[in-house]
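J.: Quick one: structure below, then a few questions.
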Amino acid sequence: MKKVEFSNVGEKEVTRAIVGEFAKQFSDYVESDCLIVGAGPSGLMAGRDLAAKGVKVLIVERNNYLGGGFWIGGYLMNKLTVRAPGEKVLDELGIPYMEATKGLFVADGPHACSKLIAAACDAGVKFANMTVFEDIVLREKNRVAGAVINWTPVQALPRQITCVDPVAMEAKIVVDATGHDATVCKALAERGLLKMKGFGAMWVEQSEGLVVEHTGEVHPGLIVSGMAVATVYGLPRMGPTFGSMLLSGKRVAEVVLEKLAL
Ligand code: 48F
């Protein structure tokens, strides 16, 4: 059998490469143009469109994996649906799909999700995964100016063995893309700075259009995206259909670009 010759580097070089590159990127992204909390379909889509326009984007995600509900689609079956005109975004991302019935398209979750993640990475989005959003940073007139974050494992362990203070990241604009929980908006609501209605019962024909229409700035410095929009404004939920998540992410990118131009 032919011998394969690998380069002559050992453990210390491997460790230094990881630590060095992590520290460089982390230090650089302590300040970004746009910090997106949540790497579900709406957060990834927003990040991809923004980074493609040269915006410095960091996505913070509490899980190890990126993609949120987009991996598995509906009911643990790895299929996801998109109602027209959402299939245009699938075309743009090169995601294969079939038409199930007029105006309803079905794609494979893993294929769709990995394409969207790759598109975000290719555009230049950076990720802090296994990182949980804990709180907001506020500045003058209660403008949202960043996020307080910690390692997910720290938060997951019992309090008595993890008294680890978090750190904060600053950003010109923060996006809440945390899905139904709307965790970033909740941090404002807990301080009496925002009223949240909680999402309504499922009604897909109503919810998709309303979510995209209501996507935007919810408080100075904070944009709301995807299902978090339904939670803030009391809009109906929609179940495993994703066209409006992708279009909400696109709308976020438009709003952020307008704001950054000011
Ligand atoms: O839930 P998620 O996929 O949000 P989305 O982009 O899309 C919603 C759909 O998946 C689906 C639906 C309509 O199609 O009803 O549910 O609005 O992704 C949200 C991401 O945010 C992360 C979470 O792990 C997920 O990947 N996340 C939530 N809370 C935090 C967080 C937090 N505190 N810190 C960091 N990440």
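Chain labels A, B, ... are given in the sequence in which chains occur in the structure tokens; within each chain residues are numbered consecutively from 1, and ligands are likewise numbered from 1 in the order shown.
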Find the residues near stretch 176-178 of chain A: any atom within 8 Å, counting only C-alpha atoms, skip ones fewer than 3 places away on the same chain, and give them as number ranges by chain.

T.: A: 36-40, 42-43, 181-185, 222-228

J.: Check stretch 107-233 of chain A with DSSP on the backbone and list each residue it calls strand (DSSP E or B), as a PyMOL selection string.

T.: chain A and resi 107-108+126-129+131-138+144-151+167-176+200+216-219+222-224

J.: Could those selected residues go to a file with C-alpha atoms, as a PDB file, in the first residue's frame?

T.:
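Writing done, so here's part-v4.pdb:
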```pdb
ATOM      1  CA  ALA A 107     -37.464  20.173   0.112  1.00  0.00           C
ATOM      2  CA  ASP A 108     -35.176  17.909   2.154  1.00  0.00           C
ATOM      3  CA  LYS A 126     -18.885  34.480  11.487  1.00  0.00           C
ATOM      4  CA  PHE A 127     -20.448  32.270  14.156  1.00  0.00           C
ATOM      5  CA  ALA A 128     -20.207  31.932  17.904  1.00  0.00           C
ATOM      6  CA  ASN A 129     -22.003  28.629  18.466  1.00  0.00           C
ATOM      7  CA  THR A 131     -22.873  30.490  22.997  1.00  0.00           C
ATOM      8  CA  VAL A 132     -26.014  31.647  24.701  1.00  0.00           C
ATOM      9  CA  PHE A 133     -27.515  35.126  24.720  1.00  0.00           C
ATOM     10  CA  GLU A 134     -28.062  36.119  28.352  1.00  0.00           C
ATOM     11  CA  ASP A 135     -28.933  39.789  28.289  1.00  0.00           C
ATOM     12  CA  ILE A 136     -28.874  43.027  26.323  1.00  0.00           C
ATOM     13  CA  VAL A 137     -26.401  45.906  26.469  1.00  0.00           C
ATOM     14  CA  LEU A 138     -28.175  49.279  26.677  1.00  0.00           C
ATOM     15  CA  VAL A 144     -29.791  48.327  22.298  1.00  0.00           C
ATOM     16  CA  ALA A 145     -26.032  48.305  21.680  1.00  0.00           C
ATOM     17  CA  GLY A 146     -24.943  44.701  22.128  1.00  0.00           C
ATOM     18  CA  ALA A 147     -25.417  41.385  23.865  1.00  0.00           C
ATOM     19  CA  VAL A 148     -24.218  39.707  27.042  1.00  0.00           C
ATOM     20  CA  ILE A 149     -23.140  36.143  26.233  1.00  0.00           C
ATOM     21  CA  ASN A 150     -21.840  33.047  27.943  1.00  0.00           C
ATOM     22  CA  TRP A 151     -20.779  29.541  26.944  1.00  0.00           C
ATOM     23  CA  VAL A 167     -18.838  38.796  28.628  1.00  0.00           C
ATOM     24  CA  ALA A 168     -20.443  41.355  26.311  1.00  0.00           C
ATOM     25  CA  MET A 169     -20.221  42.010  22.592  1.00  0.00           C
ATOM     26  CA  GLU A 170     -21.026  45.418  21.085  1.00  0.00           C
ATOM     27  CA  ALA A 171     -22.850  45.928  17.787  1.00  0.00           C
ATOM     28  CA  LYS A 172     -24.400  48.807  15.867  1.00  0.00           C
ATOM     29  CA  ILE A 173     -27.551  46.723  15.443  1.00  0.00           C
ATOM     30  CA  VAL A 174     -28.823  43.575  17.188  1.00  0.00           C
ATOM     31  CA  VAL A 175     -31.296  41.145  15.600  1.00  0.00           C
ATOM     32  CA  ASP A 176     -33.584  38.862  17.605  1.00  0.00           C
ATOM     33  CA  GLY A 200     -51.315  33.227  18.469  1.00  0.00           C
ATOM     34  CA  GLY A 216     -38.391  45.370  11.408  1.00  0.00           C
ATOM     35  CA  GLU A 217     -37.150  47.578  14.209  1.00  0.00           C
ATOM     36  CA  VAL A 218     -39.022  46.867  17.411  1.00  0.00           C
ATOM     37  CA  HIS A 219     -36.950  49.140  19.668  1.00  0.00           C
ATOM     38  CA  LEU A 222     -33.129  45.992  17.888  1.00  0.00           C
ATOM     39  CA  ILE A 223     -34.650  44.320  14.815  1.00  0.00           C
ATOM     40  CA  VAL A 224     -36.985  41.348  15.161  1.00  0.00           C
TER      41      VAL A 224
END
```

J.: Quote the spacing between atom CA of A:Trp71 and atom CA of A:His111 in Å to one decimal place.

T.: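 Separation of atom CA of A:Trp71 and atom CA of A:His111: 8.3 Å.
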
J.: Please return, as a ChimeraX atom specification, all residues of stretch 89-169 of chain A that DSSP assigns to alpha helix (DSSP H) on the basis of the backbone.

T.: /A:89-93,109-123,152-156

J.: Name the closest residue to ligand 1 among the candidates A:Glu190, A:Glu31, A:Glu21, A:Glu208; distances are taken between atoms, counting only C-alpha atoms and all ligand atoms.

T.: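 Residue with the minimum atom-to-atom distance to ligand 1: A:Glu208.
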
J.: Taking only C-alpha atoms into account, which of A:Val125, A:Leu194, A:Met245, A:Val164 comes nearest A:Ala52?

T.: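 That would be A:Val125, the residue with the smallest distance to A:Ala52.
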
J.: In terms of the shortest atom-to-atom distance over only C-alpha atoms and all ligand atoms, which of A:Thr241, A:Ser114, A:Gln160, A:Thr152 is closest to ligand 1?

T.: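 Counting only C-alpha atoms and all ligand atoms, the residue closest to ligand 1 is A:Thr241.
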
J.: So which one's closest to A:Val252, A:Gly73, A:Gly67, A:Gly47, A:Gly124? Using only C-alpha atoms, please.

T.: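 Result for the nearest residue to A:Val252: A:Gly47.
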